[in-house]
Amino acid sequence: EAGVTQFPSHSVIEKGQTVTLRCDPISGHDNLYWYRRVMGKEIKFLLHFVKESKQDESGMPNNRFLAERTGGTYSTLKVQPAELEDSGVYFCASSHDRVRGYTFGSGTRLTVV
Amino acid sequence: GDSVTQMEGPVTLSEEAFLTINCTYTATGYPSLFWYVQYPGEGLQLLLKATKADDKGSNKGFEATYRKETTSFHLEKGSVQVSDSAVYFCALTNTGGFKTIFGAGTRLFVKA
């Protein structure tokens with residue numbers, strides 16, 4: 001089966017600009033997650049979709065971040081306007097359930113300058 | 001809240017050395033425990049998992065045993081290879097939820 005696909009793989013933008021990250025989960029995986037790793041620290045949870053619904057968005061740092069999952073398929077994460085501290089690697093993952101673990105994408109490395 | 005603590009890196013070993021990466025956790029209930037690995041230039045991959053106390057997860061020569069009494073899930077490998085150089089993340093998912101809590105990651109360098 002195809003894996004989780006994220007693009008772009010890298011993005012460099014200026015402070016104040018807008019960036020949209022995309023994630024295509026494994027087909028049939030209802031659960032989709034966004035995580036972020038900043039500056040070599042822990043991988044932090046951002047939010048969890050079940051199909052098109054936001055199940056848990058407790059990790060979203062502020063209202064500059066907007067995630068959507070249209071039709072329960074791919075998801076986008078928009079950062080608007082971007083700030084320097086948003087730099088990091090954004091990972092998307094999908095899963096069937098909680099026990100078997102996630103399948104991660106390769107991540108998008110975002111650099112805000 | 002739930003948390004995962006793993007040993008700081010980097011860990012540098014010679015090929016064929018024994019590897020241990022310590023991981024302890026704090027959680028209510030009965031979490032599932034995971035080790036993920038990130039090879040250079042790639043995304044995270046699930047390495048192994050254990051879903052209940054005393055379970056042993058194993059894959060590619062790596063092992064970890066779910067120890068509820070010590071709240072630990074240490075990763076071990078008897079003989080590392082250069083190709084094992086990567087960042088290793090310990091993680092847990094608690095009962096009743098889907099959110100996974102990750103440790104900070106431990107970078108492993110294996111020298112030929």
# chains A, B, ... in the order shown; residues from 1 in each chain; ligands from 1
>>> interface_residues(of="chain B", to="chain A", cutoff="10 Å", atoms="only C-alpha atoms", output="PyMOL selection string")
chain B and resi 4-5+31-36+38+41-51+89+91-106
>>> write_last_selection(atoms="C-alpha atoms", output="PDB file, in the first residue's frame")
ATOM      1  CA  VAL B   4       7.914  10.051  28.242  1.00  0.00           C
ATOM      2  CA  THR B   5      11.527  10.517  29.283  1.00  0.00           C
ATOM      3  CA  PRO B  31      -0.833   2.732  27.823  1.00  0.00           C
ATOM      4  CA  SER B  32       0.503   1.090  24.698  1.00  0.00           C
ATOM      5  CA  LEU B  33       4.225   1.693  24.264  1.00  0.00           C
ATOM      6  CA  PHE B  34       6.177   2.211  21.053  1.00  0.00           C
ATOM      7  CA  TRP B  35       9.635   2.806  19.682  1.00  0.00           C
ATOM      8  CA  TYR B  36       9.861   4.800  16.457  1.00  0.00           C
ATOM      9  CA  GLN B  38      13.947   8.150  12.034  1.00  0.00           C
ATOM     10  CA  GLY B  41      16.449  12.094   5.479  1.00  0.00           C
ATOM     11  CA  GLU B  42      13.402   9.933   6.164  1.00  0.00           C
ATOM     12  CA  GLY B  43      10.208  10.069   8.211  1.00  0.00           C
ATOM     13  CA  LEU B  44       9.470   8.195  11.398  1.00  0.00           C
ATOM     14  CA  GLN B  45       8.930   4.462  11.182  1.00  0.00           C
ATOM     15  CA  LEU B  46       7.365   2.241  13.786  1.00  0.00           C
ATOM     16  CA  LEU B  47      10.137  -0.023  15.062  1.00  0.00           C
ATOM     17  CA  LEU B  48       8.314  -2.084  17.678  1.00  0.00           C
ATOM     18  CA  LYS B  49       5.461  -1.953  20.145  1.00  0.00           C
ATOM     19  CA  ALA B  50       3.993  -3.541  23.254  1.00  0.00           C
ATOM     20  CA  THR B  51       0.421  -3.210  24.394  1.00  0.00           C
ATOM     21  CA  PHE B  89      11.858   7.947  19.822  1.00  0.00           C
ATOM     22  CA  ALA B  91       6.300   6.942  22.750  1.00  0.00           C
ATOM     23  CA  LEU B  92       3.046   6.020  24.457  1.00  0.00           C
ATOM     24  CA  THR B  93      -0.634   6.110  23.618  1.00  0.00           C
ATOM     25  CA  ASN B  94      -2.938   5.962  26.550  1.00  0.00           C
ATOM     26  CA  THR B  95      -6.169   4.067  26.917  1.00  0.00           C
ATOM     27  CA  GLY B  96      -9.225   5.875  25.699  1.00  0.00           C
ATOM     28  CA  GLY B  97      -7.310   8.213  23.443  1.00  0.00           C
ATOM     29  CA  PHE B  98      -5.448   8.408  20.186  1.00  0.00           C
ATOM     30  CA  LYS B  99      -2.900  11.066  21.060  1.00  0.00           C
ATOM     31  CA  THR B 100       0.649   9.736  21.171  1.00  0.00           C
ATOM     32  CA  ILE B 101       3.176  11.271  23.537  1.00  0.00           C
ATOM     33  CA  PHE B 102       6.787  11.188  22.343  1.00  0.00           C
ATOM     34  CA  GLY B 103      10.078  11.465  24.105  1.00  0.00           C
ATOM     35  CA  ALA B 104      12.689  13.937  22.917  1.00  0.00           C
ATOM     36  CA  GLY B 105      14.522  11.362  20.814  1.00  0.00           C
ATOM     37  CA  THR B 106      17.980   9.817  21.164  1.00  0.00           C
TER      38      THR B 106
END
>>> atom_distance(atom1="atom CA of Pro8 of chain A", atom2="atom CA of Tyr90 of chain A")
10.5 Å
>>> residues_around(residues="Arg107 of chain B", least_positions_apart="6", cutoff="6 Å", atoms="only C-alpha atoms", output="NGL selection string")
:B and (9-10 or 86-87)
>>> atom_distance(atom1="atom CA of Ser72 of chain B", atom2="atom CA of Lys111 of chain B")
27.6 Å
>>> select_by_dssp(residues="chain B", states="strand (DSSP E)", output="MDAnalysis selection string")
chainID B and resid 3:6 11:14 19:21 23:26 32:38 44:50 56:59 62:65 75:77 86:93 100:102 106:111
>>> atom_distance(atom1="atom CA of Val38 of chain A", atom2="atom CA of Leu110 of chain A")
9.8 Å
>>> residues_around(residues="segment 64-70 of chain A", least_positions_apart="6", cutoff="10 Å", atoms="only C-alpha atoms", output="JSON, numbers by chain")
{"A": [18, 19, 20, 21, 22, 23, 24, 32, 34, 46, 47, 48, 49, 50, 51, 52, 53, 54, 57, 76, 77, 78, 79, 80, 81, 82, 83, 86]}
>>> residues_around(residues="Ser3 of chain B", least_positions_apart="6", cutoff="7 Å", atoms="only C-alpha atoms", output="list of chain:residue names")
B:Tyr25, B:Thr26, B:Ala27, B:Ile101
>>> write_last_selection(atoms="C-alpha atoms", output="mmCIF file, in the first residue's frame")
data_model
loop_
_atom_site.group_PDB
_atom_site.id
_atom_site.type_symbol
_atom_site.label_atom_id
_atom_site.label_comp_id
_atom_site.auth_asym_id
_atom_site.auth_seq_id
_atom_site.Cartn_x
_atom_site.Cartn_y
_atom_site.Cartn_z
ATOM 1 C CA TYR B 25 7.047 6.898 31.215
ATOM 2 C CA THR B 26 4.379 8.459 33.381
ATOM 3 C CA ALA B 27 0.792 7.624 32.547
ATOM 4 C CA ILE B 101 3.176 11.271 23.537
#
>>> residues_around(residues="Val112 of chain A", least_positions_apart="2", cutoff="6 Å", atoms="only C-alpha atoms", output="JSON, numbers by chain")
{"A": [12, 13, 14, 15, 84, 87]}
>>> residues_around(residues="Phe73 of chain B", least_positions_apart="3", cutoff="6 Å", atoms="only C-alpha atoms", output="ChimeraX atom specification")
/B:23,64-66
>>> decode(residues="segment 21-65 of chain B", atoms="N, CA and C atoms", output="compact mmCIF listing (two decimals), in the first residue's frame")
# COMPACT_ATOMS: atom_id res chain seq x y z
N ILE B 21 18.99 1.99 25.07
CA ILE B 21 18.46 3.34 25.17
C ILE B 21 17.32 3.29 26.19
N ASN B 22 17.52 4.02 27.29
CA ASN B 22 16.54 3.98 28.38
C ASN B 22 15.32 4.84 28.07
N CYS B 23 14.17 4.35 28.49
CA CYS B 23 12.92 5.08 28.34
C CYS B 23 12.05 4.78 29.55
N THR B 24 11.56 5.82 30.20
CA THR B 24 10.59 5.65 31.26
C THR B 24 9.38 6.52 30.95
N TYR B 25 8.26 6.17 31.54
CA TYR B 25 7.05 6.90 31.22
C TYR B 25 6.24 7.19 32.47
N THR B 26 5.38 8.15 32.36
CA THR B 26 4.38 8.46 33.38
C THR B 26 3.03 8.49 32.69
N ALA B 27 2.12 7.67 33.18
CA ALA B 27 0.79 7.62 32.55
C ALA B 27 -0.20 7.03 33.51
N THR B 28 -1.42 7.49 33.41
CA THR B 28 -2.51 6.83 34.13
C THR B 28 -3.00 5.68 33.26
N GLY B 29 -3.59 4.69 33.87
CA GLY B 29 -4.14 3.60 33.08
C GLY B 29 -3.08 2.67 32.52
N TYR B 30 -3.38 2.12 31.36
CA TYR B 30 -2.53 1.08 30.77
C TYR B 30 -2.20 1.46 29.33
N PRO B 31 -1.15 2.26 29.17
CA PRO B 31 -0.83 2.73 27.82
C PRO B 31 -0.23 1.64 26.95
N SER B 32 -0.30 1.85 25.65
CA SER B 32 0.50 1.09 24.70
C SER B 32 1.82 1.84 24.50
N LEU B 33 2.89 1.09 24.36
CA LEU B 33 4.23 1.69 24.26
C LEU B 33 4.86 1.37 22.92
N PHE B 34 5.61 2.32 22.39
CA PHE B 34 6.18 2.21 21.05
C PHE B 34 7.61 2.72 21.03
N TRP B 35 8.39 2.20 20.12
CA TRP B 35 9.63 2.81 19.68
C TRP B 35 9.50 3.11 18.20
N TYR B 36 9.80 4.37 17.85
CA TYR B 36 9.86 4.80 16.46
C TYR B 36 11.31 5.13 16.13
N VAL B 37 11.67 5.02 14.85
CA VAL B 37 13.02 5.34 14.41
C VAL B 37 12.94 6.26 13.20
N GLN B 38 13.86 7.23 13.18
CA GLN B 38 13.95 8.15 12.03
C GLN B 38 15.35 8.06 11.46
N TYR B 39 15.48 7.44 10.29
CA TYR B 39 16.76 7.37 9.61
C TYR B 39 17.03 8.69 8.91
N PRO B 40 18.28 9.01 8.65
CA PRO B 40 18.61 10.31 8.03
C PRO B 40 17.82 10.54 6.75
N GLY B 41 17.18 11.71 6.68
CA GLY B 41 16.45 12.09 5.48
C GLY B 41 15.11 11.42 5.31
N GLU B 42 14.67 10.65 6.29
CA GLU B 42 13.40 9.93 6.16
C GLU B 42 12.44 10.32 7.28
N GLY B 43 11.20 9.84 7.17
CA GLY B 43 10.21 10.07 8.21
C GLY B 43 10.34 9.05 9.31
N LEU B 44 9.45 9.15 10.30
CA LEU B 44 9.47 8.19 11.40
C LEU B 44 8.86 6.87 10.96
N GLN B 45 9.46 5.80 11.45
CA GLN B 45 8.93 4.46 11.18
C GLN B 45 8.70 3.77 12.52
N LEU B 46 7.60 3.04 12.59
CA LEU B 46 7.36 2.24 13.79
C LEU B 46 8.38 1.11 13.83
N LEU B 47 9.13 1.01 14.92
CA LEU B 47 10.14 -0.02 15.06
C LEU B 47 9.56 -1.24 15.80
N LEU B 48 8.93 -1.00 16.94
CA LEU B 48 8.31 -2.08 17.68
C LEU B 48 7.31 -1.51 18.67
N LYS B 49 6.48 -2.42 19.22
CA LYS B 49 5.46 -1.95 20.15
C LYS B 49 5.13 -3.04 21.16
N ALA B 50 4.50 -2.61 22.25
CA ALA B 50 3.99 -3.54 23.25
C ALA B 50 2.73 -2.93 23.84
N THR B 51 1.72 -3.75 24.01
CA THR B 51 0.42 -3.21 24.39
C THR B 51 0.02 -3.52 25.82
N LYS B 52 0.74 -4.41 26.51
CA LYS B 52 0.40 -4.68 27.90
C LYS B 52 1.65 -5.09 28.66
N ALA B 53 1.53 -5.05 29.98
CA ALA B 53 2.67 -5.34 30.86
C ALA B 53 3.27 -6.71 30.54
N ASP B 54 4.62 -6.73 30.54
CA ASP B 54 5.44 -7.92 30.30
C ASP B 54 5.51 -8.33 28.83
N ASP B 55 4.79 -7.65 27.97
CA ASP B 55 4.93 -7.90 26.53
C ASP B 55 6.32 -7.50 26.09
N LYS B 56 6.88 -8.25 25.16
CA LYS B 56 8.16 -7.87 24.55
C LYS B 56 7.91 -7.59 23.09
N GLY B 57 8.28 -6.37 22.67
CA GLY B 57 8.23 -6.04 21.25
C GLY B 57 9.61 -6.30 20.65
N SER B 58 9.63 -6.74 19.40
CA SER B 58 10.92 -7.00 18.77
C SER B 58 10.81 -6.80 17.26
N ASN B 59 11.93 -6.35 16.68
CA ASN B 59 11.98 -6.13 15.23
C ASN B 59 13.41 -5.79 14.86
N LYS B 60 13.90 -6.34 13.78
CA LYS B 60 15.23 -6.04 13.23
C LYS B 60 16.34 -6.21 14.28
N GLY B 61 16.17 -7.12 15.20
CA GLY B 61 17.18 -7.35 16.22
C GLY B 61 17.03 -6.48 17.45
N PHE B 62 16.12 -5.51 17.40
CA PHE B 62 15.84 -4.65 18.55
C PHE B 62 14.75 -5.29 19.41
N GLU B 63 14.85 -5.07 20.73
CA GLU B 63 13.85 -5.57 21.65
C GLU B 63 13.55 -4.53 22.71
N ALA B 64 12.32 -4.57 23.23
CA ALA B 64 11.97 -3.74 24.39
C ALA B 64 10.86 -4.46 25.14
N THR B 65 10.95 -4.47 26.47
CA THR B 65 9.96 -5.14 27.30
C THR B 65 9.19 -4.12 28.12
